[in-house]
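Next comes start01.tsv, a file with TSV, C-alpha atoms.
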chain	number	residue	atom	x	y	z
A	338	ALA	CA	3.60	-16.65	-22.73
A	339	VAL	CA	2.50	-18.58	-19.62
A	340	ILE	CA	2.68	-15.48	-17.42
A	341	ASP	CA	0.72	-13.50	-20.01
A	342	ALA	CA	-2.00	-16.15	-20.09
A	343	VAL	CA	-2.21	-16.47	-16.29
A	344	VAL	CA	-2.35	-12.71	-15.75
A	345	ASP	CA	-4.95	-12.26	-18.49
A	346	LEU	CA	-7.16	-15.12	-17.25
A	347	LEU	CA	-7.10	-14.10	-13.60
A	348	ARG	CA	-7.39	-10.37	-14.27
A	349	ALA	CA	-10.52	-11.03	-16.36
A	350	GLU	CA	-12.04	-13.13	-13.58
A	351	VAL	CA	-11.10	-11.33	-10.36
A	352	PRO	CA	-11.77	-7.62	-9.91
A	353	GLY	CA	-9.10	-5.84	-7.88
A	354	ILE	CA	-6.42	-8.50	-8.37
A	355	GLY	CA	-2.79	-7.41	-8.18
A	356	PHE	CA	0.32	-9.33	-9.17
A	357	ALA	CA	3.91	-9.62	-8.02
A	358	ALA	CA	6.85	-11.70	-9.22
A	359	GLU	CA	9.96	-13.23	-7.73
A	360	TRP	CA	12.91	-14.25	-9.90
A	361	VAL	CA	16.48	-15.47	-9.82
A	362	ALA	CA	18.56	-12.41	-8.90
A	363	ILE	CA	21.29	-11.09	-11.15
A	364	GLY	CA	23.97	-9.23	-9.23
A	365	ASP	CA	22.66	-6.96	-6.49
A	366	GLU	CA	19.16	-6.46	-7.86
A	367	VAL	CA	16.12	-7.02	-5.66
A	368	PRO	CA	14.50	-10.12	-7.19
A	369	PHE	CA	10.94	-8.97	-6.56
A	370	SER	CA	8.54	-6.51	-8.10
A	371	HIS	CA	4.86	-5.84	-7.79
A	372	GLU	CA	2.11	-3.88	-9.39
A	373	VAL	CA	0.81	-0.67	-7.90
A	374	GLY	CA	-2.44	-2.50	-7.04
A	375	TYR	CA	-0.67	-5.35	-5.23
A	376	ARG	CA	-0.60	-4.78	-1.49
A	377	ALA	CA	2.57	-6.35	-0.18
A	378	ARG	CA	2.36	-7.84	3.33
A	379	TYR	CA	5.57	-6.07	4.26
A	380	PRO	CA	7.73	-3.48	2.53
A	381	VAL	CA	10.48	-4.71	0.24
A	382	PRO	CA	13.08	-1.94	0.02
A	383	ASP	CA	14.10	-1.10	-3.53
A	384	ALA	CA	11.47	-3.38	-5.08
A	385	ALA	CA	10.26	-2.10	-8.43
A	386	ILE	CA	6.62	-1.07	-8.46
A	387	VAL	CA	5.07	-1.23	-11.92
A	388	GLY	CA	1.72	-0.82	-13.63
A	389	ASP	CA	1.75	-4.37	-15.01
A	390	VAL	CA	3.89	-7.15	-13.54
A	391	ARG	CA	4.80	-8.30	-17.03
A	392	GLU	CA	6.92	-5.15	-17.46
A	393	LEU	CA	9.60	-6.78	-15.30
A	394	THR	CA	9.13	-10.47	-15.98
A	395	ARG	CA	10.37	-10.48	-19.57
A	396	GLY	CA	13.80	-12.06	-19.89
A	397	ARG	CA	13.96	-13.12	-16.24
A	398	ASP	CA	13.89	-16.60	-14.74
A	399	ILE	CA	10.64	-16.24	-12.81
A	400	VAL	CA	10.46	-18.42	-9.72
A	401	LYS	CA	7.04	-17.42	-8.49
A	402	LEU	CA	4.11	-15.35	-9.67
A	403	LEU	CA	1.96	-14.02	-6.84
A	404	ALA	CA	-1.61	-12.76	-7.02
A	405	ARG	CA	-3.43	-11.01	-4.20
A	406	VAL	CA	-6.91	-9.60	-3.95
A	407	HIS	CA	-8.28	-7.36	-1.23
A	408	GLY	CA	-11.95	-7.09	-0.49
A	409	GLY	CA	-14.48	-8.84	-2.61
A	410	ASP	CA	-15.92	-12.26	-1.98
A	411	HIS	CA	-12.72	-14.30	-1.65
A	412	ASP	CA	-10.99	-15.77	1.35
A	413	ALA	CA	-7.71	-17.68	1.01
A	414	ASP	CA	-9.37	-21.02	0.23
A	415	SER	CA	-11.97	-19.73	-2.22
A	416	PHE	CA	-9.26	-17.74	-4.02
A	417	LEU	CA	-7.15	-20.90	-4.24
A	418	ALA	CA	-10.12	-22.83	-5.62
A	419	HIS	CA	-10.69	-20.08	-8.17
A	420	GLY	CA	-7.04	-20.16	-9.22
A	421	LEU	CA	-7.08	-23.94	-9.50
A	422	ASP	CA	-10.21	-23.79	-11.64
A	423	HIS	CA	-8.79	-21.20	-14.03
A	424	VAL	CA	-5.01	-21.57	-14.33
A	425	SER	CA	-3.88	-24.94	-12.91
A	426	HIS	CA	-3.45	-26.20	-16.48
A	427	LEU	CA	-0.71	-23.56	-16.89
A	428	VAL	CA	1.00	-23.32	-13.48
A	429	THR	CA	1.12	-24.97	-10.08
A	430	VAL	CA	-1.22	-22.96	-7.85
A	431	THR	CA	-1.24	-23.03	-4.06
A	432	HIS	CA	-1.27	-20.89	-0.93
A	433	SER	CA	0.74	-20.96	2.27
A	434	ASN	CA	-1.28	-18.82	4.66
A	435	SER	CA	-5.00	-19.16	5.40
A	436	ALA	CA	-5.13	-15.59	6.66
A	437	ASP	CA	-3.79	-14.15	3.40
A	438	VAL	CA	-5.84	-14.00	0.20
A	439	LEU	CA	-2.79	-14.82	-1.93
A	440	LEU	CA	-2.10	-17.26	-4.74
A	441	GLU	CA	1.44	-18.56	-5.15
A	442	MET	CA	2.12	-19.85	-8.65
A	443	SER	CA	5.19	-21.68	-9.89
A	444	ALA	CA	6.05	-23.49	-13.11
A	445	HIS	CA	3.63	-26.30	-13.86
A	446	GLY	CA	4.60	-29.35	-11.80
A	447	VAL	CA	7.02	-27.53	-9.50
A	448	THR	CA	6.08	-28.32	-5.89
A	449	LYS	CA	7.63	-28.98	-2.51
A	450	GLY	CA	7.05	-32.65	-3.27
A	451	LEU	CA	9.23	-32.44	-6.38
A	452	ALA	CA	11.95	-30.62	-4.44
A	453	LEU	CA	11.86	-33.18	-1.65
A	454	ALA	CA	12.03	-36.03	-4.18
A	455	ASP	CA	15.07	-34.41	-5.82
A	456	VAL	CA	16.90	-33.98	-2.50
A	457	ALA	CA	16.05	-37.50	-1.38
A	458	ASP	CA	17.27	-38.87	-4.71
A	459	MET	CA	20.57	-36.97	-4.39
A	460	LEU	CA	21.00	-38.48	-0.92
A	461	GLY	CA	19.95	-41.95	-2.04
A	462	VAL	CA	16.97	-42.04	0.31
A	463	PRO	CA	13.82	-43.77	-1.02
A	464	ALA	CA	10.39	-42.19	-0.48
A	465	PRO	CA	9.28	-44.84	2.07
A	466	ALA	CA	12.18	-43.76	4.32
A	467	VAL	CA	11.17	-40.08	4.25
A	468	ALA	CA	8.89	-38.28	6.70
A	469	ALA	CA	7.60	-34.78	5.99
A	470	ALA	CA	5.55	-32.42	8.12
A	471	GLY	CA	3.46	-29.48	7.01
A	472	ASP	CA	0.56	-27.20	7.79
A	473	MET	CA	-0.63	-25.45	4.61
A	474	PRO	CA	-1.89	-26.52	1.16
A	475	ASN	CA	1.51	-25.84	-0.41
A	476	ASP	CA	2.84	-28.73	1.75
A	477	ILE	CA	0.40	-31.38	0.46
A	478	PRO	CA	2.52	-32.56	-2.51
A	479	MET	CA	5.43	-33.06	-0.09
A	480	LEU	CA	3.26	-35.06	2.32
A	481	ASP	CA	1.87	-37.11	-0.56
A	482	TRP	CA	5.37	-37.96	-1.83
A	483	ALA	CA	6.93	-38.85	1.52
A	484	GLY	CA	6.61	-42.31	2.99
A	485	VAL	CA	5.05	-40.69	6.04
A	486	GLY	CA	3.19	-37.40	5.65
A	487	LEU	CA	2.44	-35.58	8.89
A	488	ALA	CA	0.33	-32.55	9.68
A	489	VAL	CA	1.01	-30.33	12.64
A	490	GLU	CA	-1.73	-29.43	15.07
A	491	GLY	CA	-3.69	-26.46	13.76
A	492	ALA	CA	-2.89	-27.32	10.13
A	493	HIS	CA	-5.24	-26.51	7.28
A	494	ALA	CA	-8.05	-29.08	7.01
A	495	ASP	CA	-6.82	-30.27	3.59
A	496	VAL	CA	-3.38	-30.95	5.06
A	497	VAL	CA	-4.87	-32.93	7.95
A	498	ALA	CA	-6.88	-34.96	5.43
A	499	ALA	CA	-3.72	-35.73	3.41
A	500	ALA	CA	-1.62	-36.67	6.45
A	501	ALA	CA	-1.11	-40.07	8.03
A	502	ALA	CA	-1.06	-38.50	11.50
A	503	VAL	CA	-1.14	-35.15	13.29
A	504	LEU	CA	1.79	-34.02	15.42
A	505	PRO	CA	1.49	-31.61	18.35
A	506	GLY	CA	1.83	-27.99	17.27
A	507	PRO	CA	4.81	-25.66	17.43
A	508	ALA	CA	4.19	-24.63	21.05
A	509	ALA	CA	4.59	-28.30	22.03
A	510	ASP	CA	7.61	-28.87	19.75
A	511	GLY	CA	5.77	-31.62	17.86
A	512	VAL	CA	8.15	-31.85	14.92
A	513	ALA	CA	11.24	-31.75	17.16
A	514	ARG	CA	9.77	-34.46	19.37
A	515	PHE	CA	9.03	-36.59	16.30
A	516	VAL	CA	12.61	-36.17	15.01
A	517	ASP	CA	14.00	-37.04	18.45
A	518	ALA	CA	11.84	-40.17	18.58
A	519	VAL	CA	12.92	-41.28	15.10
A	520	LEU	CA	16.60	-40.63	15.79
A	521	GLY	CA	16.40	-42.19	19.23
A	522	SER	CA	17.73	-39.04	20.90

Mind turning the file's structure into structure tokens?
Amino acid sequence: AVIDAVVDLLRAEVPGIGFAAEWVAIGDEVPFSHEVGYRARYPVPDAAIVGDVRELTRGRDIVKLLARVHGGDHDADSFLAHGLDHVSHLVTVTHSNSADVLLEMSAHGVTKGLALADVADMLGVPAPAVAAAGDMPNDIPMLDWAGVGLAVEGAHADVVAAAAAVLPGPAADGVARFVDAVLGS
């Protein structure tokens, strides 16, 4: 019912939108399908291509619903804002690439922050003892949960705003240098 509502709401609002879904695989199946109108960034061999993504989501444990639009007035951030305005009451909406006009939607409340909290809890590590680094909006809940949230150089502006500090970027091994400093290596 949630997928139906999300697809209906976004399809009514965004001309040219296409959907894809990822799910928990059963056996050797490819756990991904997309609509004919969804332009995948890269080919997924043996992925089912359907007229409506809901044809393959029934009865499956859906991990992520994806929505992509090409052309039109949206860039990655405006598409995210649109998704947040229209379906954030139903699902967690984010994006992980500023160059891709793609929404990534998971079950309501499921975020990297929740996953990090679960792992830390299993290990007996309290939030104040956790550092997390990220660069895209999908990382913000993780940075917010961690005792120290760090952005990497070149990160999305919203990530920089959420972070306590900015580390040097990948070319300068900023995260590795931070880990070495913390561990005293």

Counting all atoms listed in the file, the residue of A:Trp482, A:Phe416, A:Trp360, A:Tyr379 that sits nearest Arg395 in chain A: A:Trp360

Find the spatial neighbours of Phe356 in chain A, counting only C-alpha atoms, within a cut-off of 7 Å - ignore same-chain residues fewer than 4 positions away - and output them as a PyMOL selection string. chain A and resi 371-372+375+390+403-405

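Using all atoms listed in the file, the shortest contact distance between Val339 in chain A and any of A:Leu402, A:Ala483, A:Ile386, A:Val351 is found at A:Leu402.
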
Using only C-alpha atoms: which of A:Ile354, A:Ile363, A:Met442, A:Ala349 has the shortest distance to Ser425 in chain A: A:Met442

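For the pair CA of Ala464 in chain A and CA of Glu490 in chain A, the interatomic distance is 23.5 Å.
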
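CA of Ala494 in chain A sits 19.3 Å away from CA of Ala468 in chain A.
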
Given the point (-1.2, -26.2, -11.0) in the file's coordinates, find the residues that have an atom at most 9 Å from it, counting all atoms listed in the file, and give them as a PyMOL selection string. chain A and resi 420-421+424-431+442-447

Please return, as number ranges by chain, all polymer residues that have at least one atom within 12 Å of the point (18.5, -10.9, -10.8); use only C-alpha atoms and the file's own coordinate frame. A: 358-370, 384, 393-400

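Take CA of Val497 in chain A and CA of Leu347 in chain A: the distance between them is 28.7 Å.
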